[in-house]
Every structure is written in structure tokens, then in C-alpha cells.
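Novice: The structure that follows is given in the form of C-alpha cells.
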Amino acid sequence: MPLVRIDTLGADAGRLHALSRAVHEALVETIGIPDDDRFHILTGHDGVRSTLRYDDYLGVHRDDDIVYVAITMRSGRTPERKQAMYRRIAELAHEYAGTEPRNVFVTVTENEPIDWSLGHGIAQYVEERTPDPPRE
Amino acid sequence: MPLVRIDTLGADAGRLHALSRAVHEALVETIGIPDDDRFHILTGHDGVRSTLRYDDYLGVHRDDDIVYVAITMRSGRTPERKQAMYRRIAELAHEYAGTEPRNVFVTVTENEPIDWSLGHGIAQYVEERTPDPPRE
Amino acid sequence: MPLVRIDTLGADAGRLHALSRAVHEALVETIGIPDDDRFHILTGHDGVRSTLRYDDYLGVHRDDDIVYVAITMRSGRTPERKQAMYRRIAELAHEYAGTEPRNVFVTVTENEPIDWSLGHGIAQYVEERTPDPPRE
């Protein structure tokens, strides 16, 4: 269910995929989503007709390796889980993509179970399951 | 007022427009927005420098025809309206773009009337209208 | 901390940067963010494989100069601040980029301090600072 948008500078598909893997594994480990609950939109901006801007806010020196990770998910995760999630995303982004932790920028937006339809026009998190017919 | 982001794989402009039409008509029919309340950001990812990731979460088999629909709108729609909206988006995406309902992924993020400025630097949903001057 | 997405039509990098500057300065002036708190994702859509849709909702005539500005930030700004922010974004977009105020569309999505990690895998707005070790 999390829908994750990852935005980077540069057209390196390998790096984008490494970052996608880093974020996904961090979510599986820290907030307990299933391994196949992976929904990512990955954009490598060319720096001309689409680009990123950043600065050194909070004394963190960032550069063109910056990665924006915007996660939309259901509310309910504790602060401790979210903090573990941020730590693990930064660790794995470094391990898989060589991105320095100072360049990993994450923000979370929350909604509710009714706010998701994961296929078939159904709001899977709230619909009652149709029971299987009894077997004879 | 809904701001809708639609992300697909592939550079088929006709398909993007068909999906845009499907989502818009579904919103008009099910949550009652006016017909000219259409604000969409449509992106067909090339699969290389920008791309989508997905998996078979909840037993729904998805493929490269996947469509991510992210809707930002004011809070207040009932669960029943949202469920009708998901159903209708999936139906019309199939009818207009040939997208199978299993490939239609929708998420909603809500905000409040003060969170919109639809032109002229005004928060239209909360500002008092300046009355017309009296005519003589 | 605000994460700002700006979407336009056309590949004019100068215009994108002018809009980015307009939005940033408006935020600094009206909601009091520090000058180095700048985090923008700027996309100029080519109009073919990625594009924008809009209409004349609320009697505002828009055209291909439309600018979508989507701001994610922590909750807590008053309605008056937000209204000042919208006004100033429209003014500066006109001054710096020549964009007419009718074409400036802004929406805000809010979250909480725990929902931000601005580098180093830390949730800066909630973490207690580790005190420096005592010197001997």
C-alpha cells in the first residue's frame, strides 16, 4: 500500500532501481509491509526541462546526489517505527546506491483505509470479503 | 478542485488522454464535481530514466499496463462515494483505454477548503466574495 | 521543510527556475521558513508523453501557462498565513516568470513533525539532540 515517489537528478536507471530496492526493503523491515507490497514511481530528472532544487537547511550539506522520497501510506505507524524507517532507508540507500545519508530526504503523508483501491475498483482495506461458497 | 496525478508506463499520448477522461468522468458522476473542475498531471514514463514498479500484492496480478491515480481533494466524501468512485474509475479506464481493472491503482489524499487556491492568489473555498458595487 | 512540486507545460528551464524562485520567496516571506529551506521538484511537461489538463472551473480562464504548485508541509499555519502565501505566490510568479495570476493553481497537503527526515536518516523535528560528550 505505500505509494512511493522517488525523485533524483540524472538518468542513471541502475541508481534509480537501487534506490527503489533500498526504500522497499527498509519498509518491509521496519513497518512490516509484505514483500510484494511494492508500488513505486521513479523519476530521474534530466536537470534541464525537469530538475530538483535543494539547499543546506538544518546544516545538512546536500548535493546533486539528493534523493527525494515521498511516501503515502495509511496512518497508524508509531513514531518509533517511522524513525526506524528513516534510519534504514538512509542505510540501504548508501549500501545499494552509494547515496550518502545526508542526501536522503524523506517525507510521509498519511491517509485512511478507505483511501486505497489496489485494483478491480475495490477499496480492499474496507470491503468485506465475499465469503467463499460452501463446499459440498 | 481535485488535483489528479496519473502515472503510466509508455509514451502513448492517446492512452494517457483516455485515462484522464475516464478518471474525470468518474469523478463527475460519483463525487459530483462540476464538469469543468478538471486538473490533471499526466505522465507516461519511458521505463528507463523514469519508470514504475509494482508487484502482485493482495493477489492482484498487475503488469506494465498499471495506472497509478493519485487524487488530492477536500475531505468530506463518504466511504460509499469513494467506493463508487473507485468502481467507476476502473470501469471507465477499461472502456476508454482498454486498461484491465486489476491494473488500476487509486489513492486519495485529503485536505481542507483553506488548502486550495485555484487562481488569482485567492483561497476560493474560504474567501468571502467581494460584493459587486451597488448600481445606480 | 516544505516539499514543493511545480508542474508546467513546456521545456523552458528559465521559466521553471523563475517559478521556483517565486514560490520560495513567497514561502519565506509569508510562512516564515528559513531561506535555505528550499526543496523543490520542478517538471516541465513536453505536452506529448507527459502533459497537463485544466479547465475554466470557478470562472477562471486558464491556458497553457498554467502552473500547478503542490506544497507538502507541517500543519499549523493559520488560514491568514495561507491566504497571504497564495497571494504572494501569484504576485511573484507574475513578477519573475510573467505568469498571470489566473494561471497559478496551488494546493497544500499537511503532515506532522514526525513525518520528515531531512537527511542522515533522522527525524530532525522530533529527535532529541544527542548532547556533545563532556570535555575533560
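Residue numbering restarts at 1 in every chain; chains get A, B, ... in the order shown in the C-alpha cells, and ligands count up from 1 in that same order.
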I want to know what sits within 9 Å of Ala84 (chain A), based on only C-alpha atoms, with residues of the same chain fewer than 3 positions away left out; could you give that as a list of chain:residue names?
Specialist: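 Final neighbour list, sorted by chain and number: A:Ala26, A:Thr30, A:Ile31, A:Pro79, A:Glu80, A:Arg81, A:Arg87, A:Arg88, A:Ile89, C:Gly121, C:Ile122.
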Novice: Would you kindly return, as a VMD selection string, each protein, DNA or RNA residue with an atom no farther than 6 Å from any atom of Thr72 (chain C), considering only C-alpha atoms and excluding same-chain residues fewer than 6 positions away?
Specialist: chain C and resid 2 to 3 108 to 110
Novice: What are the residues of chain A lining chain C at 7 Å or less? Count only C-alpha atoms, and put the answer as a PyMOL selection string.
Specialist: chain A and resi 48-57+60+79+83+86-87+89-90+101-109
Novice: For the residues in that selection, give me C-alpha atoms as an mmCIF file, in the first residue's frame.
Specialist:
```cif
data_model
loop_
_atom_site.group_PDB
_atom_site.id
_atom_site.type_symbol
_atom_site.label_atom_id
_atom_site.label_comp_id
_atom_site.auth_asym_id
_atom_site.auth_seq_id
_atom_site.Cartn_x
_atom_site.Cartn_y
_atom_site.Cartn_z
ATOM 1 C CA VAL A 48 17.039 20.868 -17.783
ATOM 2 C CA ARG A 49 13.363 20.587 -18.502
ATOM 3 C CA SER A 50 12.814 18.865 -15.176
ATOM 4 C CA THR A 51 15.050 19.255 -12.178
ATOM 5 C CA LEU A 52 15.420 19.415 -8.414
ATOM 6 C CA ARG A 53 16.273 22.265 -6.087
ATOM 7 C CA TYR A 54 17.737 21.913 -2.610
ATOM 8 C CA ASP A 55 19.796 23.822 -0.081
ATOM 9 C CA ASP A 56 21.687 23.233 3.163
ATOM 10 C CA TYR A 57 18.764 23.673 5.583
ATOM 11 C CA VAL A 60 22.956 19.328 6.237
ATOM 12 C CA PRO A 79 6.926 7.498 15.825
ATOM 13 C CA GLN A 83 12.248 6.738 12.926
ATOM 14 C CA TYR A 86 14.136 6.718 8.100
ATOM 15 C CA ARG A 87 17.322 5.216 9.518
ATOM 16 C CA ILE A 89 16.193 3.928 4.207
ATOM 17 C CA ALA A 90 19.331 6.021 4.665
ATOM 18 C CA PRO A 101 22.783 9.639 4.136
ATOM 19 C CA ARG A 102 22.936 13.439 4.125
ATOM 20 C CA ASN A 103 21.344 13.348 0.660
ATOM 21 C CA VAL A 104 18.341 11.232 1.620
ATOM 22 C CA PHE A 105 15.225 13.356 2.140
ATOM 23 C CA VAL A 106 12.033 11.555 3.183
ATOM 24 C CA THR A 107 8.520 12.774 3.844
ATOM 25 C CA VAL A 108 5.391 10.832 4.778
ATOM 26 C CA THR A 109 1.765 11.702 4.012
#
```
Novice: Give me every helix (DSSP H, G or I) residue in region 13-117 of chain C, going by DSSP on the backbone, as a VMD selection string.
Specialist: chain C and resid 13 to 31 57 to 59 79 to 97 101 to 103 113 to 115
Novice: Mind pulling up the distance from CA of Arg62 (chain B) to CA of Gly98 (chain B)?
Specialist: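 According to the coordinates, CA of Gly98 (chain B) and CA of Arg62 (chain B) are separated by 14.1 Å.
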Novice: Tell me, in Å to one decimal, how far CA of Val69 (chain A) is from CA of Gly47 (chain A).
Specialist: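 That distance, rounded to one decimal, is 17.7 Å.
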Novice: If you run DSSP on this backbone, which residues of chain B come out as strand (DSSP E or B), and could you give them as an NGL selection string?
Specialist: :B and (3-9 or 40-45 or 50-53 or 67-74 or 104-111 or 116-118)
Novice: How would the residues just chosen look if you wrote them out with N, CA and C atoms as an mmCIF file, in the first residue's frame?
Specialist:
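The result, written out as selection.cif:
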```cif
data_model
loop_
_atom_site.group_PDB
_atom_site.id
_atom_site.type_symbol
_atom_site.label_atom_id
_atom_site.label_comp_id
_atom_site.auth_asym_id
_atom_site.auth_seq_id
_atom_site.Cartn_x
_atom_site.Cartn_y
_atom_site.Cartn_z
ATOM 1 N N LEU B 3 -6.961 17.608 -7.503
ATOM 2 C CA LEU B 3 -5.766 17.598 -8.344
ATOM 3 C C LEU B 3 -5.396 16.128 -8.511
ATOM 4 N N VAL B 4 -5.344 15.689 -9.768
ATOM 5 C CA VAL B 4 -5.173 14.272 -10.061
ATOM 6 C C VAL B 4 -3.839 14.051 -10.760
ATOM 7 N N ARG B 5 -3.037 13.157 -10.246
ATOM 8 C CA ARG B 5 -1.816 12.732 -10.936
ATOM 9 C C ARG B 5 -2.023 11.322 -11.455
ATOM 10 N N ILE B 6 -1.802 11.155 -12.756
ATOM 11 C CA ILE B 6 -1.923 9.843 -13.382
ATOM 12 C C ILE B 6 -0.552 9.474 -13.939
ATOM 13 N N ASP B 7 -0.032 8.334 -13.514
ATOM 14 C CA ASP B 7 1.281 7.869 -13.973
ATOM 15 C C ASP B 7 1.131 6.516 -14.643
ATOM 16 N N THR B 8 1.684 6.421 -15.860
ATOM 17 C CA THR B 8 1.643 5.171 -16.608
ATOM 18 C C THR B 8 3.030 4.861 -17.159
ATOM 19 N N LEU B 9 3.164 3.673 -17.702
ATOM 20 C CA LEU B 9 4.372 3.313 -18.442
ATOM 21 C C LEU B 9 4.103 3.463 -19.925
ATOM 22 N N HIS B 40 -5.444 17.900 -14.066
ATOM 23 C CA HIS B 40 -4.712 16.638 -14.137
ATOM 24 C C HIS B 40 -3.246 16.862 -14.510
ATOM 25 N N ILE B 41 -2.398 16.051 -13.926
ATOM 26 C CA ILE B 41 -0.981 15.971 -14.307
ATOM 27 C C ILE B 41 -0.759 14.545 -14.802
ATOM 28 N N LEU B 42 -0.474 14.403 -16.082
ATOM 29 C CA LEU B 42 -0.396 13.092 -16.733
ATOM 30 C C LEU B 42 1.035 12.792 -17.125
ATOM 31 N N THR B 43 1.569 11.676 -16.683
ATOM 32 C CA THR B 43 2.957 11.334 -17.000
ATOM 33 C C THR B 43 3.057 9.907 -17.521
ATOM 34 N N GLY B 44 3.566 9.795 -18.751
ATOM 35 C CA GLY B 44 3.883 8.488 -19.322
ATOM 36 C C GLY B 44 5.374 8.258 -19.179
ATOM 37 N N HIS B 45 5.752 7.349 -18.315
ATOM 38 C CA HIS B 45 7.177 7.124 -18.026
ATOM 39 C C HIS B 45 7.810 6.272 -19.119
ATOM 40 N N SER B 50 12.771 7.197 -16.214
ATOM 41 C CA SER B 50 11.690 7.283 -15.228
ATOM 42 C C SER B 50 10.804 6.076 -15.463
ATOM 43 N N THR B 51 10.340 5.496 -14.376
ATOM 44 C CA THR B 51 9.647 4.219 -14.527
ATOM 45 C C THR B 51 8.743 3.942 -13.327
ATOM 46 N N LEU B 52 8.003 2.842 -13.406
ATOM 47 C CA LEU B 52 7.116 2.423 -12.322
ATOM 48 C C LEU B 52 7.531 1.045 -11.826
ATOM 49 N N ARG B 53 7.301 0.803 -10.580
ATOM 50 C CA ARG B 53 7.471 -0.539 -10.014
ATOM 51 C C ARG B 53 6.151 -0.977 -9.399
ATOM 52 N N VAL B 67 -1.726 1.565 -13.912
ATOM 53 C CA VAL B 67 -2.012 3.006 -13.872
ATOM 54 C C VAL B 67 -2.088 3.429 -12.411
ATOM 55 N N TYR B 68 -1.242 4.386 -12.040
ATOM 56 C CA TYR B 68 -1.360 4.974 -10.704
ATOM 57 C C TYR B 68 -2.178 6.256 -10.809
ATOM 58 N N VAL B 69 -3.230 6.315 -9.999
ATOM 59 C CA VAL B 69 -4.080 7.501 -9.961
ATOM 60 C C VAL B 69 -4.035 8.053 -8.534
ATOM 61 N N ALA B 70 -3.452 9.217 -8.351
ATOM 62 C CA ALA B 70 -3.342 9.826 -7.016
ATOM 63 C C ALA B 70 -4.183 11.092 -7.000
ATOM 64 N N ILE B 71 -5.204 11.090 -6.164
ATOM 65 C CA ILE B 71 -6.193 12.169 -6.134
ATOM 66 C C ILE B 71 -6.041 12.957 -4.837
ATOM 67 N N THR B 72 -5.821 14.255 -4.940
ATOM 68 C CA THR B 72 -5.851 15.134 -3.766
ATOM 69 C C THR B 72 -7.151 15.918 -3.810
ATOM 70 N N MET B 73 -7.926 15.829 -2.715
ATOM 71 C CA MET B 73 -9.202 16.553 -2.701
ATOM 72 C C MET B 73 -9.589 16.917 -1.275
ATOM 73 N N ARG B 74 -10.580 17.796 -1.150
ATOM 74 C CA ARG B 74 -11.065 18.172 0.170
ATOM 75 C C ARG B 74 -11.698 16.977 0.879
ATOM 76 N N VAL B 104 -5.637 -0.929 -12.231
ATOM 77 C CA VAL B 104 -5.998 0.440 -11.838
ATOM 78 C C VAL B 104 -5.800 0.609 -10.325
ATOM 79 N N PHE B 105 -4.830 1.409 -9.977
ATOM 80 C CA PHE B 105 -4.429 1.622 -8.577
ATOM 81 C C PHE B 105 -4.757 3.071 -8.224
ATOM 82 N N VAL B 106 -5.586 3.269 -7.197
ATOM 83 C CA VAL B 106 -6.029 4.623 -6.850
ATOM 84 C C VAL B 106 -5.739 4.895 -5.379
ATOM 85 N N THR B 107 -5.248 6.079 -5.103
ATOM 86 C CA THR B 107 -5.149 6.504 -3.706
ATOM 87 C C THR B 107 -5.611 7.953 -3.586
ATOM 88 N N VAL B 108 -6.208 8.249 -2.423
ATOM 89 C CA VAL B 108 -6.782 9.572 -2.156
ATOM 90 C C VAL B 108 -6.060 10.214 -0.976
ATOM 91 N N THR B 109 -5.708 11.477 -1.107
ATOM 92 C CA THR B 109 -5.172 12.267 0.000
ATOM 93 C C THR B 109 -6.078 13.473 0.189
ATOM 94 N N GLU B 110 -6.461 13.718 1.429
ATOM 95 C CA GLU B 110 -7.445 14.771 1.674
ATOM 96 C C GLU B 110 -6.825 15.980 2.374
ATOM 97 N N ASN B 111 -7.406 17.137 2.090
ATOM 98 C CA ASN B 111 -7.047 18.350 2.810
ATOM 99 C C ASN B 111 -8.323 19.170 3.047
ATOM 100 N N TRP B 116 -6.627 25.324 -0.811
ATOM 101 C CA TRP B 116 -6.728 25.449 -2.264
ATOM 102 C C TRP B 116 -6.747 26.908 -2.699
ATOM 103 N N SER B 117 -5.925 27.203 -3.682
ATOM 104 C CA SER B 117 -6.020 28.478 -4.382
ATOM 105 C C SER B 117 -6.078 28.170 -5.872
ATOM 106 N N LEU B 118 -7.225 28.431 -6.480
ATOM 107 C CA LEU B 118 -7.446 27.998 -7.857
ATOM 108 C C LEU B 118 -7.285 29.142 -8.852
#
```
